[in-house]
Amino acid sequence: MKAIVYTKYGSPDVLHLQEVERTIPKEDEALVKVHAASVNAADLEILRGNWSARFGGPLKPKHKILGSDIAGRIEAVGRNIKQFQPGDEIWADLSLLGYGAFAEYVCIPENALRLKPARMTFEEAAAVPSAGANALQNLRGVGSSSPSFLLSDKGEIQPGKKVLINGAGGGVGTFAVQIAKSFGAEVTGVDSPSKLDMLRSIGADHVIDYTQEDFTKSGQRYDFILDVVASRTIFDYKRALSPKGIFVMVGGSGAAILQAFLLGPLISMTGSKKMGIVMWKPNNQVDLAILEELFEAGKVVPVIDRRYPLSETAEALQYLEEGHARGKIVITME
Ligand SMILES: NC(=O)c1ccc[n+]([C@@H]2O[C@H](COP(=O)([O-])OP(=O)(O)OC[C@H]3O[C@@H](n4cnc5c(N)ncnc54)[C@H](OP(=O)(O)O)[C@@H]3O)[C@@H](O)[C@H]2O)c1
């Protein structure tokens, strides 16, 4: 089978299209023919050899094929597989399963497989797992190791609450805008000028062009701020929160992350505002079920910016690394 392989850490240039042996499913696995995959910040971080990648492979990558989010069709099943059969269309998150989505075929254990909603295209399904679950967990405050003071699942995001998403036009942000709207919030999306019309089209009630306006200095207060690309001091965000407001950081500069980790708990315990980071929990079937329901209800529809063939996965990751994507970037099989 064809796969995008890498044998050393580095930039997307180290990725190569290669013929590799097709994997054989174990007893509790299904062999899936991949129809679409999507690229995520995590692929780039692992490709470049971040701490989590180095933990498994200090000098060279442990897994040779990247890609966590896939949608495809089952070709064959191991004999212990009970709930799926050849021909089933599925989607999955392979983040905790050694990756492998950037290939024509991949083996997936039964407990990670989900039937793809019939109305969802393969490309849409591949766009959802990481970015959609990341947005959902950050808005609900329920990730893998979320500080209890950040729990917003008890109903803080209620109809009429003012929610601001910074970096709203990218992979995570486009899901966050739609999910916050589905909670009934009044949503403000902040991003570059070329994305503001798209943000309105997916439901943002207000948009802010970050090149023209700093939302932390406008005097407006928000009940919930979610920042995908945080770069300000934690005190800037605190100023923009309503008295019982919540600030959650998805990602950002090293300094911003450090402040959220160190000062977030302190601020949260000493005042009425809550601030911090929710660590994303991959392959959470509860989240995928919620996202499925929101899709079926027409409340969350993946925004896909570009599609690249498998052979151009390196270009897709380069485009993601530039940081200007409008929604998700999808890999399709030729
Ligand atoms: N918490 C967790 O467990 C976890 C897990 C996985 C990933 N992450 C994080 O999630 C983030 C990835 O998000 P993503 O895939 O949505 O990224 P993305 O697709 O690159 O989107 C980022 C968006 O932010 C916009 N932007 C850039 N600078 C901005 C600024 N100063 N103000 C407002 N908007 C700005 C970009 O638009 P323009 O460039 O056009 O301006 C783009 O629309 C990464 O930081 C990653 O580390 C977190």
# chains A, B, ... in the order shown; residues from 1 in each chain; ligands from 1
$ closest_atom_pairs --of "chain A" --to "ligand 1" --cutoff "8 Å" --atoms "only C-alpha atoms and all ligand atoms" --output "tab-separated table"
residue	atom	partner	partner_atom_place_in_ligand_line	distance
A:Asn40	CA	ligand 1	15 (O)	5.8
A:Ala41	CA	ligand 1	12 (C)	5.4
A:Ala42	CA	ligand 1	6 (C)	5.8
A:Ser130	CA	ligand 1	6 (C)	7.3
A:Ala131	CA	ligand 1	15 (O)	6.5
A:Asn134	CA	ligand 1	5 (C)	6.3
A:Asn138	CA	ligand 1	1 (N)	7.4
A:Gly143	CA	ligand 1	3 (O)	7.6
A:Asn166	CA	ligand 1	33 (C)	5.0
A:Gly167	CA	ligand 1	24 (O)	3.3
A:Ala168	CA	ligand 1	43 (O)	5.9
A:Gly169	CA	ligand 1	43 (O)	3.9
A:Gly170	CA	ligand 1	21 (O)	3.3
A:Gly171	CA	ligand 1	16 (O)	3.7
A:Val172	CA	ligand 1	16 (O)	3.6
A:Gly173	CA	ligand 1	16 (O)	5.2
A:Thr174	CA	ligand 1	16 (O)	7.6
A:Val190	CA	ligand 1	33 (C)	5.4
A:Asp191	CA	ligand 1	34 (N)	4.1
A:Ser192	CA	ligand 1	41 (O)	4.4
A:Pro193	CA	ligand 1	40 (O)	7.9
A:Ser194	CA	ligand 1	40 (O)	7.3
A:Lys195	CA	ligand 1	40 (O)	7.2
A:Asp209	CA	ligand 1	33 (C)	7.9
A:Tyr210	CA	ligand 1	32 (N)	5.3
A:Thr211	CA	ligand 1	31 (N)	7.7
A:Val228	CA	ligand 1	11 (C)	5.2
A:Val229	CA	ligand 1	45 (O)	5.5
A:Ala230	CA	ligand 1	31 (N)	7.4
A:Ser231	CA	ligand 1	31 (N)	7.0
A:Met249	CA	ligand 1	1 (N)	6.9
A:Val250	CA	ligand 1	1 (N)	4.2
A:Gly251	CA	ligand 1	45 (O)	3.4
A:Gly252	CA	ligand 1	45 (O)	5.0
A:Ile277	CA	ligand 1	1 (N)	6.5
A:Val278	CA	ligand 1	1 (N)	5.5
A:Met279	CA	ligand 1	3 (O)	3.8
A:Trp280	CA	ligand 1	3 (O)	3.4
A:Lys281	CA	ligand 1	3 (O)	6.9
A:Leu320	CA	ligand 1	20 (O)	6.0
A:Glu321	CA	ligand 1	20 (O)	7.0
A:Glu322	CA	ligand 1	39 (O)	7.3
A:Gly323	CA	ligand 1	20 (O)	4.0
A:His324	CA	ligand 1	39 (O)	3.6
A:Ala325	CA	ligand 1	19 (O)	5.3
A:Arg326	CA	ligand 1	43 (O)	5.7
A:Gly327	CA	ligand 1	19 (O)	6.0
A:Lys328	CA	ligand 1	19 (O)	6.6
$ select_by_dssp --residues "segment 29-199 of chain A" --states "strand (DSSP E or B)" --output "PyMOL selection string"
chain A and resi 29-38+65+69-77+89-93+103+105-109+114-115+162-166+186-191
$ write_last_selection --atoms "N, CA and C atoms" --output "CSV table (one decimal), in the first residue's frame"
chain,number,residue,atom,x,y,z
A,29,GLU,N,-9.1,-6.4,15.6
A,29,GLU,CA,-8.9,-5.2,14.7
A,29,GLU,C,-9.7,-5.3,13.4
A,30,ALA,N,-10.0,-4.2,12.8
A,30,ALA,CA,-10.5,-4.2,11.5
A,30,ALA,C,-9.5,-3.5,10.5
A,31,LEU,N,-9.4,-4.0,9.3
A,31,LEU,CA,-8.6,-3.4,8.3
A,31,LEU,C,-9.5,-2.4,7.6
A,32,VAL,N,-9.1,-1.1,7.6
A,32,VAL,CA,-9.9,0.0,7.1
A,32,VAL,C,-9.2,0.6,5.8
A,33,LYS,N,-9.9,0.7,4.8
A,33,LYS,CA,-9.4,1.4,3.6
A,33,LYS,C,-9.7,2.9,3.8
A,34,VAL,N,-8.7,3.7,3.9
A,34,VAL,CA,-8.8,5.1,4.3
A,34,VAL,C,-9.4,5.9,3.1
A,35,HIS,N,-10.4,6.6,3.3
A,35,HIS,CA,-10.9,7.5,2.2
A,35,HIS,C,-10.5,8.9,2.4
A,36,ALA,N,-10.4,9.3,3.6
A,36,ALA,CA,-10.0,10.7,3.9
A,36,ALA,C,-9.3,10.8,5.3
A,37,ALA,N,-8.4,11.7,5.4
A,37,ALA,CA,-7.8,11.9,6.7
A,37,ALA,C,-7.7,13.5,6.9
A,38,SER,N,-7.4,14.0,8.1
A,38,SER,CA,-7.2,15.4,8.2
A,38,SER,C,-5.9,15.7,9.0
A,65,ILE,N,4.3,6.3,10.4
A,65,ILE,CA,3.2,7.0,9.6
A,65,ILE,C,2.4,7.8,10.5
A,69,ASP,N,-6.7,11.5,12.4
A,69,ASP,CA,-8.2,11.6,12.1
A,69,ASP,C,-8.5,10.9,10.8
A,70,ILE,N,-9.3,9.9,10.8
A,70,ILE,CA,-9.6,9.2,9.5
A,70,ILE,C,-11.1,8.9,9.4
A,71,ALA,N,-11.4,8.7,8.1
A,71,ALA,CA,-12.7,8.1,7.8
A,71,ALA,C,-12.5,7.2,6.6
A,72,GLY,N,-13.2,6.0,6.7
A,72,GLY,CA,-13.0,5.1,5.6
A,72,GLY,C,-14.0,3.9,5.7
A,73,ARG,N,-13.6,2.9,4.9
A,73,ARG,CA,-14.6,1.7,4.8
A,73,ARG,C,-13.8,0.5,5.3
A,74,ILE,N,-14.5,-0.4,6.1
A,74,ILE,CA,-13.9,-1.6,6.6
A,74,ILE,C,-13.8,-2.6,5.4
A,75,GLU,N,-12.6,-3.1,5.3
A,75,GLU,CA,-12.3,-4.1,4.2
A,75,GLU,C,-12.4,-5.6,4.8
A,76,ALA,N,-11.9,-5.7,6.0
A,76,ALA,CA,-11.8,-7.1,6.6
A,76,ALA,C,-11.8,-6.9,8.1
A,77,VAL,N,-12.3,-7.9,8.8
A,77,VAL,CA,-12.3,-7.8,10.3
A,77,VAL,C,-11.7,-9.1,10.9
A,89,GLU,N,-19.0,1.9,6.9
A,89,GLU,CA,-18.2,3.2,6.8
A,89,GLU,C,-18.0,3.7,8.2
A,90,ILE,N,-16.7,4.0,8.5
A,90,ILE,CA,-16.4,4.4,9.9
A,90,ILE,C,-15.6,5.7,9.9
A,91,TRP,N,-15.5,6.2,11.1
A,91,TRP,CA,-14.5,7.3,11.4
A,91,TRP,C,-13.8,7.0,12.7
A,92,ALA,N,-12.7,7.5,12.9
A,92,ALA,CA,-11.9,7.2,14.1
A,92,ALA,C,-10.8,8.2,14.4
A,93,ASP,N,-10.4,8.2,15.7
A,93,ASP,CA,-9.3,9.1,16.1
A,93,ASP,C,-8.1,8.1,16.5
A,103,ALA,N,-2.2,6.9,5.0
A,103,ALA,CA,-1.9,5.7,4.3
A,103,ALA,C,-3.1,5.2,3.6
A,105,TYR,N,-4.3,2.1,3.8
A,105,TYR,CA,-5.0,1.2,4.8
A,105,TYR,C,-4.5,1.4,6.2
A,106,VAL,N,-5.3,1.1,7.2
A,106,VAL,CA,-4.8,1.1,8.5
A,106,VAL,C,-5.7,0.1,9.3
A,107,CYS,N,-5.0,-0.5,10.4
A,107,CYS,CA,-5.8,-1.5,11.2
A,107,CYS,C,-6.2,-0.7,12.5
A,108,ILE,N,-7.5,-0.9,12.9
A,108,ILE,CA,-8.0,-0.1,14.0
A,108,ILE,C,-8.7,-1.1,15.0
A,109,PRO,N,-8.5,-1.0,16.3
A,109,PRO,CA,-9.2,-1.9,17.2
A,109,PRO,C,-10.7,-1.5,17.3
A,114,ARG,N,-16.1,4.0,15.0
A,114,ARG,CA,-17.5,4.5,15.1
A,114,ARG,C,-18.1,4.5,13.7
A,115,LEU,N,-19.4,4.1,13.6
A,115,LEU,CA,-20.0,4.1,12.3
A,115,LEU,C,-20.2,5.6,11.9
A,162,LYS,N,-22.3,35.5,27.0
A,162,LYS,CA,-21.4,36.0,25.9
A,162,LYS,C,-20.1,35.2,25.9
A,163,VAL,N,-19.9,34.6,24.7
A,163,VAL,CA,-18.7,33.7,24.5
A,163,VAL,C,-17.8,34.3,23.4
A,164,LEU,N,-16.5,34.4,23.7
A,164,LEU,CA,-15.6,34.9,22.6
A,164,LEU,C,-14.6,33.8,22.3
A,165,ILE,N,-14.5,33.6,21.0
A,165,ILE,CA,-13.5,32.6,20.5
A,165,ILE,C,-12.4,33.4,19.8
A,166,ASN,N,-11.2,33.3,20.3
A,166,ASN,CA,-10.0,33.9,19.6
A,166,ASN,C,-9.3,32.9,18.8
A,186,GLU,N,-24.2,33.8,22.9
A,186,GLU,CA,-24.0,34.9,22.0
A,186,GLU,C,-22.5,34.9,21.7
A,187,VAL,N,-22.2,34.6,20.4
A,187,VAL,CA,-20.8,34.3,20.1
A,187,VAL,C,-20.1,35.4,19.3
A,188,THR,N,-18.9,35.7,19.8
A,188,THR,CA,-18.1,36.6,19.1
A,188,THR,C,-16.9,35.9,18.6
A,189,GLY,N,-16.6,35.9,17.3
A,189,GLY,CA,-15.4,35.3,16.7
A,189,GLY,C,-14.4,36.3,16.3
A,190,VAL,N,-13.1,36.0,16.7
A,190,VAL,CA,-12.0,36.9,16.4
A,190,VAL,C,-11.0,36.2,15.5
A,191,ASP,N,-10.7,36.9,14.4
A,191,ASP,CA,-9.8,36.3,13.4
A,191,ASP,C,-9.4,37.4,12.4
$ closest_residue --among "A:Lys8, A:Arg232, A:His63, A:Lys181" --to "Leu199 of chain A" --atoms "only C-alpha atoms"
A:Lys181
$ closest_residue --among "A:Lys161, A:His16, A:Arg307, A:Lys116" --to "Lys244 of chain A" --atoms "only C-alpha atoms"
A:Lys161
$ residues_around --residues "Gly298 of chain A" --least-positions-apart "4" --cutoff "12 Å" --atoms "only C-alpha atoms" --output "list of chain:residue names"
A:Arg119, A:Met120, A:Gln178, A:Ile179, A:Lys181, A:Ser182, A:Ile202, A:Gly203, A:Leu291, A:Glu292, A:Glu293, A:Leu294, A:Pro302
$ residues_around --residues "Lys274 of chain A" --least-positions-apart "3" --cutoff "8 Å" --atoms "only C-alpha atoms" --output "list in words"
Phe149, Leu150, Lys244, Gly245, Ile246, Phe247, Gly264, Pro265, Ile267, Ser268, Met269 and Gly271 of chain A
$ residues_around --residues "Leu241 of chain A" --least-positions-apart "5" --cutoff "7 Å" --atoms "only C-alpha atoms" --output "ChimeraX atom specification"
/A:221-223,246
$ select_by_dssp --residues "segment 6-253 of chain A" --states "alpha helix (DSSP H)" --output "NGL selection string"
:A and (41-47 or 51-56 or 122-127 or 129-140 or 171-182 or 196-201 or 234-239)
$ atom_distance --atom1 "atom CA of Thr313 of chain A" --atom2 "atom CA of Ser95 of chain A"
17.5 Å
$ residues_around --residues "Met1 of chain A" --least-positions-apart "4" --cutoff "6 Å" --atoms "only C-alpha atoms" --output "ChimeraX atom specification"
/A:19-20,22,104
$ write_last_selection --atoms "C-alpha atoms" --output "mmCIF file, in the first residue's frame"
data_model
loop_
_atom_site.group_PDB
_atom_site.id
_atom_site.type_symbol
_atom_site.label_atom_id
_atom_site.label_comp_id
_atom_site.auth_asym_id
_atom_site.auth_seq_id
_atom_site.Cartn_x
_atom_site.Cartn_y
_atom_site.Cartn_z
ATOM 1 C CA GLU A 19 5.165 1.662 -0.938
ATOM 2 C CA VAL A 20 4.955 -0.264 2.364
ATOM 3 C CA ARG A 22 -0.109 -3.615 4.024
ATOM 4 C CA GLU A 104 -4.184 3.728 2.026
#
$ closest_residue --among "A:Gly184, A:Gly219, A:Pro25, A:Pro12" --to "Arg48 of chain A" --atoms "only C-alpha atoms"
A:Pro12
$ residues_around --residues "segment 4-7 of chain A" --least-positions-apart "3" --cutoff "7 Å" --atoms "only C-alpha atoms" --output "count of residues only"
11
$ atom_distance --atom1 "atom CA of Ala297 of chain A" --atom2 "atom CA of Ala125 of chain A"
15.1 Å
$ decode --residues "segment 255-291 of chain A" --atoms "N, CA and C atoms" --output "PDB file, in the first residue's frame"
ATOM      1  N   ALA A 255       5.003  31.594  26.617  1.00  0.00           N
ATOM      2  CA  ALA A 255       4.808  32.467  27.778  1.00  0.00           C
ATOM      3  C   ALA A 255       3.349  32.448  28.224  1.00  0.00           C
ATOM      4  N   ALA A 256       2.435  32.464  27.251  1.00  0.00           N
ATOM      5  CA  ALA A 256       1.005  32.471  27.590  1.00  0.00           C
ATOM      6  C   ALA A 256       0.609  31.147  28.259  1.00  0.00           C
ATOM      7  N   ILE A 257       1.153  30.042  27.743  1.00  0.00           N
ATOM      8  CA  ILE A 257       0.827  28.725  28.316  1.00  0.00           C
ATOM      9  C   ILE A 257       1.356  28.636  29.751  1.00  0.00           C
ATOM     10  N   LEU A 258       2.596  29.111  29.947  1.00  0.00           N
ATOM     11  CA  LEU A 258       3.203  29.077  31.281  1.00  0.00           C
ATOM     12  C   LEU A 258       2.365  29.875  32.284  1.00  0.00           C
ATOM     13  N   GLN A 259       1.924  31.059  31.854  1.00  0.00           N
ATOM     14  CA  GLN A 259       1.107  31.888  32.751  1.00  0.00           C
ATOM     15  C   GLN A 259      -0.201  31.202  33.104  1.00  0.00           C
ATOM     16  N   ALA A 260      -0.828  30.586  32.078  1.00  0.00           N
ATOM     17  CA  ALA A 260      -2.109  29.918  32.341  1.00  0.00           C
ATOM     18  C   ALA A 260      -1.918  28.762  33.320  1.00  0.00           C
ATOM     19  N   PHE A 261      -0.785  28.052  33.181  1.00  0.00           N
ATOM     20  CA  PHE A 261      -0.509  26.919  34.072  1.00  0.00           C
ATOM     21  C   PHE A 261      -0.218  27.380  35.496  1.00  0.00           C
ATOM     22  N   LEU A 262       0.636  28.433  35.598  1.00  0.00           N
ATOM     23  CA  LEU A 262       1.092  28.832  36.932  1.00  0.00           C
ATOM     24  C   LEU A 262       0.137  29.794  37.627  1.00  0.00           C
ATOM     25  N   LEU A 263      -0.326  30.806  36.859  1.00  0.00           N
ATOM     26  CA  LEU A 263      -1.145  31.843  37.499  1.00  0.00           C
ATOM     27  C   LEU A 263      -2.638  31.541  37.434  1.00  0.00           C
ATOM     28  N   GLY A 264      -3.041  30.740  36.413  1.00  0.00           N
ATOM     29  CA  GLY A 264      -4.472  30.428  36.260  1.00  0.00           C
ATOM     30  C   GLY A 264      -5.076  29.868  37.547  1.00  0.00           C
ATOM     31  N   PRO A 265      -4.481  28.812  38.126  1.00  0.00           N
ATOM     32  CA  PRO A 265      -5.048  28.242  39.350  1.00  0.00           C
ATOM     33  C   PRO A 265      -5.087  29.248  40.501  1.00  0.00           C
ATOM     34  N   LEU A 266      -4.040  30.072  40.589  1.00  0.00           N
ATOM     35  CA  LEU A 266      -3.953  31.067  41.665  1.00  0.00           C
ATOM     36  C   LEU A 266      -5.094  32.080  41.559  1.00  0.00           C
ATOM     37  N   ILE A 267      -5.288  32.606  40.346  1.00  0.00           N
ATOM     38  CA  ILE A 267      -6.354  33.590  40.120  1.00  0.00           C
ATOM     39  C   ILE A 267      -7.712  32.939  40.387  1.00  0.00           C
ATOM     40  N   SER A 268      -7.843  31.693  39.918  1.00  0.00           N
ATOM     41  CA  SER A 268      -9.135  31.002  40.054  1.00  0.00           C
ATOM     42  C   SER A 268      -9.488  30.744  41.517  1.00  0.00           C
ATOM     43  N   MET A 269      -8.468  30.485  42.327  1.00  0.00           N
ATOM     44  CA  MET A 269      -8.761  30.140  43.730  1.00  0.00           C
ATOM     45  C   MET A 269      -8.933  31.366  44.617  1.00  0.00           C
ATOM     46  N   THR A 270      -8.448  32.501  44.125  1.00  0.00           N
ATOM     47  CA  THR A 270      -8.509  33.686  44.989  1.00  0.00           C
ATOM     48  C   THR A 270      -9.595  34.674  44.564  1.00  0.00           C
ATOM     49  N   GLY A 271     -10.250  34.417  43.429  1.00  0.00           N
ATOM     50  CA  GLY A 271     -11.284  35.363  42.993  1.00  0.00           C
ATOM     51  C   GLY A 271     -12.453  34.634  42.362  1.00  0.00           C
ATOM     52  N   SER A 272     -13.329  35.393  41.724  1.00  0.00           N
ATOM     53  CA  SER A 272     -14.532  34.764  41.154  1.00  0.00           C
ATOM     54  C   SER A 272     -14.319  34.359  39.695  1.00  0.00           C
ATOM     55  N   LYS A 273     -13.234  34.828  39.074  1.00  0.00           N
ATOM     56  CA  LYS A 273     -12.962  34.460  37.679  1.00  0.00           C
ATOM     57  C   LYS A 273     -12.147  33.170  37.631  1.00  0.00           C
ATOM     58  N   LYS A 274     -12.406  32.347  36.619  1.00  0.00           N
ATOM     59  CA  LYS A 274     -11.710  31.058  36.493  1.00  0.00           C
ATOM     60  C   LYS A 274     -10.855  31.078  35.227  1.00  0.00           C
ATOM     61  N   MET A 275      -9.582  30.661  35.359  1.00  0.00           N
ATOM     62  CA  MET A 275      -8.671  30.739  34.214  1.00  0.00           C
ATOM     63  C   MET A 275      -7.737  29.532  34.184  1.00  0.00           C
ATOM     64  N   GLY A 276      -7.485  28.987  33.006  1.00  0.00           N
ATOM     65  CA  GLY A 276      -6.543  27.870  32.913  1.00  0.00           C
ATOM     66  C   GLY A 276      -6.588  27.148  31.587  1.00  0.00           C
ATOM     67  N   ILE A 277      -5.991  25.952  31.580  1.00  0.00           N
ATOM     68  CA  ILE A 277      -5.880  25.139  30.358  1.00  0.00           C
ATOM     69  C   ILE A 277      -6.599  23.816  30.570  1.00  0.00           C
ATOM     70  N   VAL A 278      -7.328  23.377  29.567  1.00  0.00           N
ATOM     71  CA  VAL A 278      -7.950  22.054  29.595  1.00  0.00           C
ATOM     72  C   VAL A 278      -7.103  21.146  28.711  1.00  0.00           C
ATOM     73  N   MET A 279      -6.569  20.061  29.254  1.00  0.00           N
ATOM     74  CA  MET A 279      -5.785  19.149  28.414  1.00  0.00           C
ATOM     75  C   MET A 279      -6.731  18.246  27.624  1.00  0.00           C
ATOM     76  N   TRP A 280      -6.518  18.229  26.330  1.00  0.00           N
ATOM     77  CA  TRP A 280      -7.392  17.489  25.431  1.00  0.00           C
ATOM     78  C   TRP A 280      -7.292  15.979  25.679  1.00  0.00           C
ATOM     79  N   LYS A 281      -8.437  15.303  25.684  1.00  0.00           N
ATOM     80  CA  LYS A 281      -8.455  13.845  25.837  1.00  0.00           C
ATOM     81  C   LYS A 281      -8.816  13.238  24.483  1.00  0.00           C
ATOM     82  N   PRO A 282      -7.863  12.597  23.796  1.00  0.00           N
ATOM     83  CA  PRO A 282      -8.153  12.049  22.467  1.00  0.00           C
ATOM     84  C   PRO A 282      -9.105  10.858  22.522  1.00  0.00           C
ATOM     85  N   ASN A 283      -9.716  10.593  21.390  1.00  0.00           N
ATOM     86  CA  ASN A 283     -10.537   9.397  21.188  1.00  0.00           C
ATOM     87  C   ASN A 283     -11.577   9.215  22.296  1.00  0.00           C
ATOM     88  N   ASN A 284     -12.240  10.308  22.634  1.00  0.00           N
ATOM     89  CA  ASN A 284     -13.266  10.223  23.667  1.00  0.00           C
ATOM     90  C   ASN A 284     -14.613   9.961  22.983  1.00  0.00           C
ATOM     91  N   GLN A 285     -15.108   8.735  23.157  1.00  0.00           N
ATOM     92  CA  GLN A 285     -16.319   8.328  22.428  1.00  0.00           C
ATOM     93  C   GLN A 285     -17.537   9.166  22.821  1.00  0.00           C
ATOM     94  N   VAL A 286     -17.546   9.685  24.060  1.00  0.00           N
ATOM     95  CA  VAL A 286     -18.669  10.536  24.482  1.00  0.00           C
ATOM     96  C   VAL A 286     -18.698  11.806  23.625  1.00  0.00           C
ATOM     97  N   ASP A 287     -17.524  12.393  23.436  1.00  0.00           N
ATOM     98  CA  ASP A 287     -17.449  13.618  22.620  1.00  0.00           C
ATOM     99  C   ASP A 287     -17.864  13.346  21.183  1.00  0.00           C
ATOM    100  N   LEU A 288     -17.350  12.232  20.644  1.00  0.00           N
ATOM    101  CA  LEU A 288     -17.674  11.947  19.241  1.00  0.00           C
ATOM    102  C   LEU A 288     -19.185  11.728  19.080  1.00  0.00           C
ATOM    103  N   ALA A 289     -19.803  11.129  20.092  1.00  0.00           N
ATOM    104  CA  ALA A 289     -21.260  10.927  20.026  1.00  0.00           C
ATOM    105  C   ALA A 289     -21.988  12.275  20.053  1.00  0.00           C
ATOM    106  N   ILE A 290     -21.509  13.200  20.896  1.00  0.00           N
ATOM    107  CA  ILE A 290     -22.147  14.530  20.956  1.00  0.00           C
ATOM    108  C   ILE A 290     -21.973  15.254  19.612  1.00  0.00           C
ATOM    109  N   LEU A 291     -20.763  15.166  19.068  1.00  0.00           N
ATOM    110  CA  LEU A 291     -20.498  15.849  17.794  1.00  0.00           C
ATOM    111  C   LEU A 291     -21.354  15.272  16.670  1.00  0.00           C
TER     112      LEU A 291
END
